[in-house]
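J.: Next comes data_21.cif, mmCIF, C-alpha atoms:
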data_data
#
loop_
_atom_site.group_PDB
_atom_site.id
_atom_site.type_symbol
_atom_site.label_atom_id
_atom_site.label_comp_id
_atom_site.auth_asym_id
_atom_site.auth_seq_id
_atom_site.Cartn_x
_atom_site.Cartn_y
_atom_site.Cartn_z
ATOM 1 C CA MET P 948 176.381 -64.776 252.759
ATOM 2 C CA ALA P 949 174.200 -62.812 250.318
ATOM 3 C CA LYS P 950 174.021 -59.797 252.623
ATOM 4 C CA LYS P 951 177.798 -59.421 252.692
ATOM 5 C CA SER P 952 178.008 -59.538 248.907
ATOM 6 C CA LEU P 953 175.278 -56.871 248.681
ATOM 7 C CA GLU P 954 177.352 -54.436 250.760
ATOM 8 C CA GLU P 955 180.502 -55.340 248.832
ATOM 9 C CA LYS P 956 178.773 -54.696 245.503
ATOM 10 C CA ILE P 957 177.457 -51.341 246.748
ATOM 11 C CA GLU P 958 180.922 -50.327 248.012
ATOM 12 C CA VAL P 959 182.451 -51.254 244.645
ATOM 13 C CA THR P 960 179.821 -49.137 242.887
ATOM 14 C CA LYS P 961 180.602 -46.148 245.135
ATOM 15 C CA SER P 962 184.361 -46.521 244.630
ATOM 16 C CA VAL P 963 183.906 -46.663 240.831
ATOM 17 C CA LEU P 964 181.823 -43.483 241.081
ATOM 18 C CA LYS P 965 184.577 -41.759 243.074
ATOM 19 C CA GLU P 966 187.216 -42.856 240.529
ATOM 20 C CA ASN P 967 185.096 -41.475 237.682
ATOM 21 C CA LEU P 968 184.559 -38.193 239.515
ATOM 22 C CA ASN P 969 188.306 -37.816 240.076
ATOM 23 C CA THR P 970 188.759 -37.511 236.317
ATOM 24 C CA VAL P 971 186.387 -34.503 236.182
ATOM 25 C CA ARG P 972 188.483 -31.327 236.100
ATOM 26 C CA ALA P 973 187.162 -28.978 238.768
ATOM 27 C CA GLY P 974 189.443 -26.003 238.087
ATOM 28 C CA ARG P 975 191.980 -27.170 240.639
ATOM 29 C CA ALA P 976 195.115 -29.180 239.910
ATOM 30 C CA ASN P 977 194.561 -32.807 240.908
ATOM 31 C CA PRO P 978 196.952 -35.623 239.905
ATOM 32 C CA ALA P 979 193.922 -37.928 239.532
ATOM 33 C CA LEU P 980 193.064 -35.987 236.349
ATOM 34 C CA LEU P 981 195.843 -37.924 234.645
ATOM 35 C CA ASP P 982 194.911 -41.386 235.995
ATOM 36 C CA LYS P 983 193.420 -42.578 232.711
ATOM 37 C CA VAL P 984 196.172 -41.148 230.450
ATOM 38 C CA MET P 985 197.983 -43.941 228.615
ATOM 39 C CA VAL P 986 201.404 -43.403 226.988
ATOM 40 C CA SER P 987 202.877 -45.453 224.159
ATOM 41 C CA TYR P 988 206.196 -46.359 225.801
ATOM 42 C CA TYR P 989 208.410 -48.542 223.602
ATOM 43 C CA GLY P 990 205.321 -49.782 221.781
ATOM 44 C CA THR P 991 203.393 -50.682 224.941
ATOM 45 C CA MET P 992 200.460 -48.662 226.267
ATOM 46 C CA THR P 993 201.474 -47.742 229.819
ATOM 47 C CA PRO P 994 199.676 -45.614 232.428
ATOM 48 C CA LEU P 995 201.290 -42.172 232.788
ATOM 49 C CA LYS P 996 201.587 -42.588 236.559
ATOM 50 C CA SER P 997 203.822 -45.640 235.979
ATOM 51 C CA LEU P 998 206.249 -43.590 233.883
ATOM 52 C CA SER P 999 206.457 -40.398 235.900
ATOM 53 C CA ASN P 1000 206.023 -38.560 239.140
ATOM 54 C CA ILE P 1001 202.962 -36.279 239.101
ATOM 55 C CA THR P 1002 202.922 -33.374 241.555
ATOM 56 C CA THR P 1003 201.008 -30.146 242.173
ATOM 57 C CA PRO P 1004 203.515 -27.352 242.866
ATOM 58 C CA ASP P 1005 200.609 -24.899 243.168
ATOM 59 C CA PRO P 1006 196.781 -25.109 243.013
ATOM 60 C CA ARG P 1007 196.661 -24.369 239.263
ATOM 61 C CA THR P 1008 199.594 -26.442 237.983
ATOM 62 C CA LEU P 1009 200.330 -30.124 237.495
ATOM 63 C CA MET P 1010 203.962 -31.071 237.049
ATOM 64 C CA VAL P 1011 204.872 -34.363 235.351
ATOM 65 C CA THR P 1012 208.455 -35.503 235.916
ATOM 66 C CA PRO P 1013 209.252 -38.580 233.773
ATOM 67 C CA PHE P 1014 211.520 -41.254 235.230
ATOM 68 C CA ASP P 1015 213.057 -41.624 231.750
ATOM 69 C CA ALA P 1016 213.856 -38.239 230.132
ATOM 70 C CA GLY P 1017 213.691 -39.896 226.696
ATOM 71 C CA SER P 1018 209.957 -40.449 227.092
ATOM 72 C CA ILE P 1019 209.032 -36.739 227.345
ATOM 73 C CA ASN P 1020 207.859 -36.437 223.725
ATOM 74 C CA ASP P 1021 205.721 -39.594 224.067
ATOM 75 C CA ILE P 1022 204.160 -38.229 227.264
ATOM 76 C CA VAL P 1023 203.440 -34.806 225.702
ATOM 77 C CA HIS P 1024 201.830 -36.583 222.733
ATOM 78 C CA ALA P 1025 199.698 -38.747 225.056
ATOM 79 C CA LEU P 1026 198.606 -35.678 227.061
ATOM 80 C CA ASN P 1027 197.537 -33.938 223.854
ATOM 81 C CA GLU P 1028 195.670 -37.075 222.713
ATOM 82 C CA ALA P 1029 193.926 -37.451 226.106
ATOM 83 C CA ASN P 1030 191.651 -34.516 225.266
ATOM 84 C CA LEU P 1031 191.945 -32.908 228.707
ATOM 85 C CA GLY P 1032 191.556 -29.366 227.409
ATOM 86 C CA ILE P 1033 194.987 -28.519 228.817
ATOM 87 C CA ASN P 1034 198.081 -27.789 226.719
ATOM 88 C CA PRO P 1035 201.244 -29.363 228.122
ATOM 89 C CA SER P 1036 204.469 -27.339 228.044
ATOM 90 C CA SER P 1037 207.823 -29.095 228.291
ATOM 91 C CA ASP P 1038 211.290 -27.761 229.100
ATOM 92 C CA GLY P 1039 213.028 -31.052 228.282
ATOM 93 C CA LYS P 1040 213.060 -32.280 231.897
ATOM 94 C CA VAL P 1041 209.523 -31.728 233.202
ATOM 95 C CA ILE P 1042 206.091 -31.162 231.679
ATOM 96 C CA ARG P 1043 203.841 -28.504 233.165
ATOM 97 C CA LEU P 1044 200.071 -28.437 232.764
ATOM 98 C CA ALA P 1045 198.481 -25.106 233.647
ATOM 99 C CA ILE P 1046 194.876 -25.697 234.695
ATOM 100 C CA PRO P 1047 192.790 -22.860 233.233
ATOM 101 C CA GLN P 1048 190.037 -21.110 235.160
ATOM 102 C CA LEU P 1049 186.671 -22.673 234.324
ATOM 103 C CA THR P 1050 184.017 -20.647 232.522
ATOM 104 C CA GLU P 1051 180.412 -20.699 233.762
ATOM 105 C CA GLU P 1052 179.397 -22.674 230.661
ATOM 106 C CA ARG P 1053 182.138 -25.265 231.239
ATOM 107 C CA ARG P 1054 181.120 -25.600 234.906
ATOM 108 C CA LYS P 1055 177.550 -26.400 233.833
ATOM 109 C CA GLU P 1056 178.827 -29.026 231.364
ATOM 110 C CA LEU P 1057 180.935 -30.583 234.128
ATOM 111 C CA MET P 1058 177.923 -30.627 236.484
ATOM 112 C CA LYS P 1059 175.948 -32.521 233.815
ATOM 113 C CA GLN P 1060 178.816 -35.010 233.528
ATOM 114 C CA VAL P 1061 178.929 -35.394 237.325
ATOM 115 C CA LYS P 1062 175.150 -35.918 237.420
ATOM 116 C CA LYS P 1063 175.425 -38.596 234.702
ATOM 117 C CA PHE P 1064 178.102 -40.451 236.702
ATOM 118 C CA GLY P 1065 175.769 -40.301 239.712
ATOM 119 C CA GLU P 1066 172.808 -41.626 237.734
ATOM 120 C CA ASP P 1067 174.948 -44.488 236.371
ATOM 121 C CA ALA P 1068 175.935 -45.404 239.939
ATOM 122 C CA LYS P 1069 172.287 -45.330 241.083
ATOM 123 C CA VAL P 1070 171.274 -47.581 238.169
ATOM 124 C CA ALA P 1071 174.040 -50.008 239.149
ATOM 125 C CA VAL P 1072 172.775 -50.052 242.751
ATOM 126 C CA ARG P 1073 169.202 -50.654 241.567
ATOM 127 C CA ASN P 1074 170.415 -53.542 239.402
ATOM 128 C CA ILE P 1075 172.162 -55.008 242.448
ATOM 129 C CA ARG P 1076 168.855 -54.679 244.380
ATOM 130 C CA ARG P 1077 166.926 -56.442 241.595
ATOM 131 C CA ASP P 1078 169.409 -59.344 241.556
ATOM 132 C CA GLU P 1079 169.314 -59.703 245.354
ATOM 133 C CA ASN P 1080 165.496 -59.616 245.422
ATOM 134 C CA GLU P 1081 165.281 -62.257 242.681
ATOM 135 C CA ASP P 1082 167.616 -64.503 244.688
ATOM 136 C CA PHE P 1083 165.412 -64.200 247.786
ATOM 137 C CA LYS P 1084 162.242 -64.875 245.772
ATOM 138 C CA LYS P 1085 163.815 -68.019 244.272
ATOM 139 C CA GLN P 1086 164.753 -69.191 247.770
ATOM 140 C CA GLU P 1087 161.149 -68.643 248.929
ATOM 141 C CA LYS P 1088 159.759 -70.553 245.909
ATOM 142 C CA ALA P 1089 162.115 -73.448 246.686
ATOM 143 C CA ASN P 1090 160.809 -73.366 250.291
ATOM 144 C CA GLU P 1091 164.318 -72.521 251.598
ATOM 145 C CA ILE P 1092 162.943 -69.465 253.430
ATOM 146 C CA THR P 1093 159.481 -68.565 254.708
ATOM 147 C CA GLU P 1094 157.248 -65.797 253.390
ATOM 148 C CA ASP P 1095 158.034 -63.708 256.500
ATOM 149 C CA GLU P 1096 161.784 -64.190 255.986
ATOM 150 C CA LEU P 1097 161.339 -63.145 252.349
ATOM 151 C CA LYS P 1098 159.530 -59.951 253.373
ATOM 152 C CA SER P 1099 162.166 -59.161 256.007
ATOM 153 C CA SER P 1100 165.000 -59.833 253.512
ATOM 154 C CA LEU P 1101 163.422 -57.605 250.859
ATOM 155 C CA ASP P 1102 162.991 -54.811 253.435
ATOM 156 C CA SER P 1103 166.621 -55.179 254.502
ATOM 157 C CA VAL P 1104 167.837 -54.976 250.891
ATOM 158 C CA GLN P 1105 165.674 -51.900 250.280
ATOM 159 C CA LYS P 1106 167.060 -50.125 253.379
ATOM 160 C CA LYS P 1107 170.634 -50.773 252.250
ATOM 161 C CA VAL P 1108 169.841 -49.559 248.724
ATOM 162 C CA ASP P 1109 168.187 -46.396 250.107
ATOM 163 C CA LYS P 1110 171.288 -45.679 252.188
ATOM 164 C CA ALA P 1111 173.560 -46.273 249.169
ATOM 165 C CA VAL P 1112 171.491 -43.860 247.049
ATOM 166 C CA LYS P 1113 171.761 -41.210 249.801
ATOM 167 C CA ASP P 1114 175.535 -41.768 249.925
ATOM 168 C CA ILE P 1115 175.756 -41.404 246.130
ATOM 169 C CA ASP P 1116 173.712 -38.177 246.285
ATOM 170 C CA ALA P 1117 176.083 -36.828 248.954
ATOM 171 C CA ILE P 1118 179.143 -37.712 246.842
ATOM 172 C CA ILE P 1119 177.593 -35.979 243.805
ATOM 173 C CA GLU P 1120 176.633 -32.913 245.860
ATOM 174 C CA GLU P 1121 180.204 -32.629 247.170
ATOM 175 C CA LYS P 1122 181.657 -32.832 243.654
ATOM 176 C CA ASN P 1123 179.171 -30.232 242.368
ATOM 177 C CA LYS P 1124 180.274 -27.838 245.136
ATOM 178 C CA GLU P 1125 183.891 -28.432 244.094
ATOM 179 C CA VAL P 1126 183.063 -27.750 240.415
ATOM 180 C CA MET P 1127 181.118 -24.564 241.213
ATOM 181 C CA ALA P 1128 183.773 -23.154 243.611
ATOM 182 C CA VAL P 1129 185.544 -20.252 241.926
#
What would you get if you wrote out this structure as structure tokens?
T.:
Amino acid sequence: MAKKSLEEKIEVTKSVLKENLNTVRAGRANPALLDKVMVSYYGTMTPLKSLSNITTPDPRTLMVTPFDAGSINDIVHALNEANLGINPSSDGKVIRLAIPQLTEERRKELMKQVKKFGEDAKVAVRNIRRDENEDFKKQEKANEITEDELKSSLDSVQKKVDKAVKDIDAIIEEKNKEVMAV
């Protein structure tokens, strides 16, 4: 039972990391950039993707087509407030976001942000390991498992954590390549 929850917790950590990395602008138009943008729609904060269709007509442009044309000004306001570093332009029917070319300095800042997301994920995995190990040690103290079973369980947890850390490093490396690609 505990082993399954360990893998589930690690998978959740990796998926949260991937979601966070999707919000990092890598110089290429990606609808996931707008995933966390919230729009005040009739007084209710609503995710942008619930109010519009977001497409990429070309590699440097995001196009937001609202389902309700009356919400364009609210969406433009929310995009400006989201602090994406992109100025939205509206023609009354659609909103276009031109993704600017990244400067070398901005790329380095983004790599730091990516590295921080990776470190946060590794800390989360290590916390999961600590909790699992404490559970096994409690079981051994209560004579539910033997000392050999404890050692084997701790080794198993460590192997899974090592693999998760390698996976996280690979995810981070991939995102860094994407950020540095011109």
J.: Using all atoms of region 1013-1024 of chain P that appear in the file, construct an axis-aligned enclosing box with 4 Å of padding on every side and provide its centre coordinates and edge lengths in Å, rounded to one decimal, as AutoDock Vina command-line options.
T.:
--center_x 207.8 --center_y -38.2 --center_z 229.0 --size_x 20.0 --size_y 14.8 --size_z 20.5
J.: If the PyMOL selection byres ((chain P and resi 1122) around 12) were run on this exact file, what residues would it hold? Put them as a ChimeraX atom specification.
T.: /P:964-974,1054,1057-1062,1064-1065,1115-1121,1123-1128
J.: Could you list the residues chosen by the PyMOL selection byres ((chain P and resi 954) around 12) in this structure as an MDAnalysis selection string?
T.: chainID P and resid 948:953 955:961 1072 1075:1076 1079 1103:1108 1110:1111
J.: Could you save those same residues with C-alpha atoms as a PDB file, keeping the file's coordinate frame?
T.:
ATOM      1  CA  MET P 948     176.381 -64.776 252.759  1.00  0.00           C
ATOM      2  CA  ALA P 949     174.200 -62.812 250.318  1.00  0.00           C
ATOM      3  CA  LYS P 950     174.021 -59.797 252.623  1.00  0.00           C
ATOM      4  CA  LYS P 951     177.798 -59.421 252.692  1.00  0.00           C
ATOM      5  CA  SER P 952     178.008 -59.538 248.907  1.00  0.00           C
ATOM      6  CA  LEU P 953     175.278 -56.871 248.681  1.00  0.00           C
ATOM      7  CA  GLU P 955     180.502 -55.340 248.832  1.00  0.00           C
ATOM      8  CA  LYS P 956     178.773 -54.696 245.503  1.00  0.00           C
ATOM      9  CA  ILE P 957     177.457 -51.341 246.748  1.00  0.00           C
ATOM     10  CA  GLU P 958     180.922 -50.327 248.012  1.00  0.00           C
ATOM     11  CA  VAL P 959     182.451 -51.254 244.645  1.00  0.00           C
ATOM     12  CA  THR P 960     179.821 -49.137 242.887  1.00  0.00           C
ATOM     13  CA  LYS P 961     180.602 -46.148 245.135  1.00  0.00           C
ATOM     14  CA  VAL P1072     172.775 -50.052 242.751  1.00  0.00           C
ATOM     15  CA  ILE P1075     172.162 -55.008 242.448  1.00  0.00           C
ATOM     16  CA  ARG P1076     168.855 -54.679 244.380  1.00  0.00           C
ATOM     17  CA  GLU P1079     169.314 -59.703 245.354  1.00  0.00           C
ATOM     18  CA  SER P1103     166.621 -55.179 254.502  1.00  0.00           C
ATOM     19  CA  VAL P1104     167.837 -54.976 250.891  1.00  0.00           C
ATOM     20  CA  GLN P1105     165.674 -51.900 250.280  1.00  0.00           C
ATOM     21  CA  LYS P1106     167.060 -50.125 253.379  1.00  0.00           C
ATOM     22  CA  LYS P1107     170.634 -50.773 252.250  1.00  0.00           C
ATOM     23  CA  VAL P1108     169.841 -49.559 248.724  1.00  0.00           C
ATOM     24  CA  LYS P1110     171.288 -45.679 252.188  1.00  0.00           C
ATOM     25  CA  ALA P1111     173.560 -46.273 249.169  1.00  0.00           C
TER      26      ALA P1111
END
J.: Might you pull out every residue within 10 Å of region 1010-1023 of chain P, with all atoms listed in the file counted and same-chain residues fewer than 6 positions away left off, and present them as a PyMOL selection string?
T.: chain P and resi 976+978+981+984-989+995-1004+1029+1034-1045
J.: Do you know which residues lie at most 12 Å from (166.8, -66.4, 252.5), with coordinates as in the file and all atoms listed in the file counted, and could you write them as a ChimeraX atom specification?
T.: /P:948-950,1079-1101,1103-1104
J.: Limit the output to N, CA and C atoms and give region 1041-1073 of chain P as a tab-separated table (two decimals), in the first residue's frame.
T.:
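Contents of out-v7.tsv, freshly written:
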chain	number	residue	atom	x	y	z
P	1041	VAL	N	-10.66	39.44	-32.07
P	1041	VAL	CA	-9.63	38.56	-31.52
P	1041	VAL	C	-8.53	39.40	-30.87
P	1042	ILE	N	-7.78	38.76	-30.00
P	1042	ILE	CA	-6.65	39.41	-29.33
P	1042	ILE	C	-5.41	38.64	-29.77
P	1043	ARG	N	-4.42	39.41	-30.23
P	1043	ARG	CA	-3.16	38.78	-30.65
P	1043	ARG	C	-2.07	39.15	-29.67
P	1044	LEU	N	-1.25	38.15	-29.34
P	1044	LEU	CA	-0.09	38.36	-28.46
P	1044	LEU	C	1.15	37.98	-29.26
P	1045	ALA	N	1.96	38.97	-29.59
P	1045	ALA	CA	3.19	38.70	-30.33
P	1045	ALA	C	4.28	38.38	-29.30
P	1046	ILE	N	4.84	37.19	-29.40
P	1046	ILE	CA	5.88	36.75	-28.46
P	1046	ILE	C	7.21	37.33	-28.95
P	1047	PRO	N	7.82	38.22	-28.16
P	1047	PRO	CA	9.08	38.82	-28.60
P	1047	PRO	C	10.25	37.84	-28.49
P	1048	GLN	N	11.26	38.11	-29.30
P	1048	GLN	CA	12.49	37.31	-29.23
P	1048	GLN	C	13.13	37.55	-27.87
P	1049	LEU	N	13.65	36.50	-27.26
P	1049	LEU	CA	14.25	36.65	-25.93
P	1049	LEU	C	15.68	37.18	-26.04
P	1050	THR	N	16.03	38.07	-25.11
P	1050	THR	CA	17.42	38.54	-25.03
P	1050	THR	C	18.22	37.51	-24.24
P	1051	GLU	N	19.55	37.59	-24.36
P	1051	GLU	CA	20.43	36.66	-23.63
P	1051	GLU	C	20.20	36.80	-22.13
P	1052	GLU	N	20.05	38.04	-21.67
P	1052	GLU	CA	19.84	38.30	-20.24
P	1052	GLU	C	18.53	37.65	-19.76
P	1053	ARG	N	17.47	37.81	-20.56
P	1053	ARG	CA	16.17	37.25	-20.21
P	1053	ARG	C	16.24	35.72	-20.20
P	1054	ARG	N	16.98	35.15	-21.13
P	1054	ARG	CA	17.13	33.68	-21.17
P	1054	ARG	C	17.78	33.19	-19.88
P	1055	LYS	N	18.79	33.91	-19.40
P	1055	LYS	CA	19.48	33.51	-18.17
P	1055	LYS	C	18.53	33.60	-16.97
P	1056	GLU	N	17.70	34.67	-16.95
P	1056	GLU	CA	16.71	34.80	-15.87
P	1056	GLU	C	15.74	33.62	-15.90
P	1057	LEU	N	15.28	33.26	-17.12
P	1057	LEU	CA	14.34	32.15	-17.25
P	1057	LEU	C	14.99	30.84	-16.82
P	1058	MET	N	16.28	30.66	-17.13
P	1058	MET	CA	16.97	29.43	-16.71
P	1058	MET	C	17.05	29.35	-15.19
P	1059	LYS	N	17.24	30.50	-14.53
P	1059	LYS	CA	17.25	30.52	-13.06
P	1059	LYS	C	15.88	30.10	-12.53
P	1060	GLN	N	14.83	30.63	-13.17
P	1060	GLN	CA	13.46	30.30	-12.75
P	1060	GLN	C	13.21	28.80	-12.94
P	1061	VAL	N	13.65	28.26	-14.08
P	1061	VAL	CA	13.48	26.83	-14.36
P	1061	VAL	C	14.23	26.01	-13.31
P	1062	LYS	N	15.46	26.43	-12.98
P	1062	LYS	CA	16.26	25.72	-11.99
P	1062	LYS	C	15.57	25.73	-10.62
P	1063	LYS	N	14.96	26.88	-10.27
P	1063	LYS	CA	14.26	26.99	-8.99
P	1063	LYS	C	13.06	26.02	-8.95
P	1064	PHE	N	12.30	25.95	-10.05
P	1064	PHE	CA	11.19	25.00	-10.11
P	1064	PHE	C	11.71	23.58	-9.91
P	1065	GLY	N	12.85	23.26	-10.53
P	1065	GLY	CA	13.44	21.94	-10.39
P	1065	GLY	C	13.85	21.65	-8.96
P	1066	GLU	N	14.48	22.64	-8.31
P	1066	GLU	CA	14.91	22.46	-6.92
P	1066	GLU	C	13.70	22.26	-6.01
P	1067	ASP	N	12.62	23.02	-6.25
P	1067	ASP	CA	11.40	22.86	-5.45
P	1067	ASP	C	10.86	21.44	-5.59
P	1068	ALA	N	10.89	20.91	-6.82
P	1068	ALA	CA	10.38	19.55	-7.05
P	1068	ALA	C	11.26	18.53	-6.32
P	1069	LYS	N	12.58	18.74	-6.35
P	1069	LYS	CA	13.49	17.81	-5.67
P	1069	LYS	C	13.27	17.84	-4.16
P	1070	VAL	N	13.04	19.04	-3.61
P	1070	VAL	CA	12.76	19.16	-2.18
P	1070	VAL	C	11.47	18.41	-1.84
P	1071	ALA	N	10.47	18.54	-2.70
P	1071	ALA	CA	9.20	17.83	-2.46
P	1071	ALA	C	9.43	16.33	-2.46
P	1072	VAL	N	10.24	15.83	-3.40
P	1072	VAL	CA	10.52	14.39	-3.46
P	1072	VAL	C	11.28	13.95	-2.21
P	1073	ARG	N	12.22	14.77	-1.76
P	1073	ARG	CA	12.98	14.41	-0.55
P	1073	ARG	C	12.06	14.38	0.68
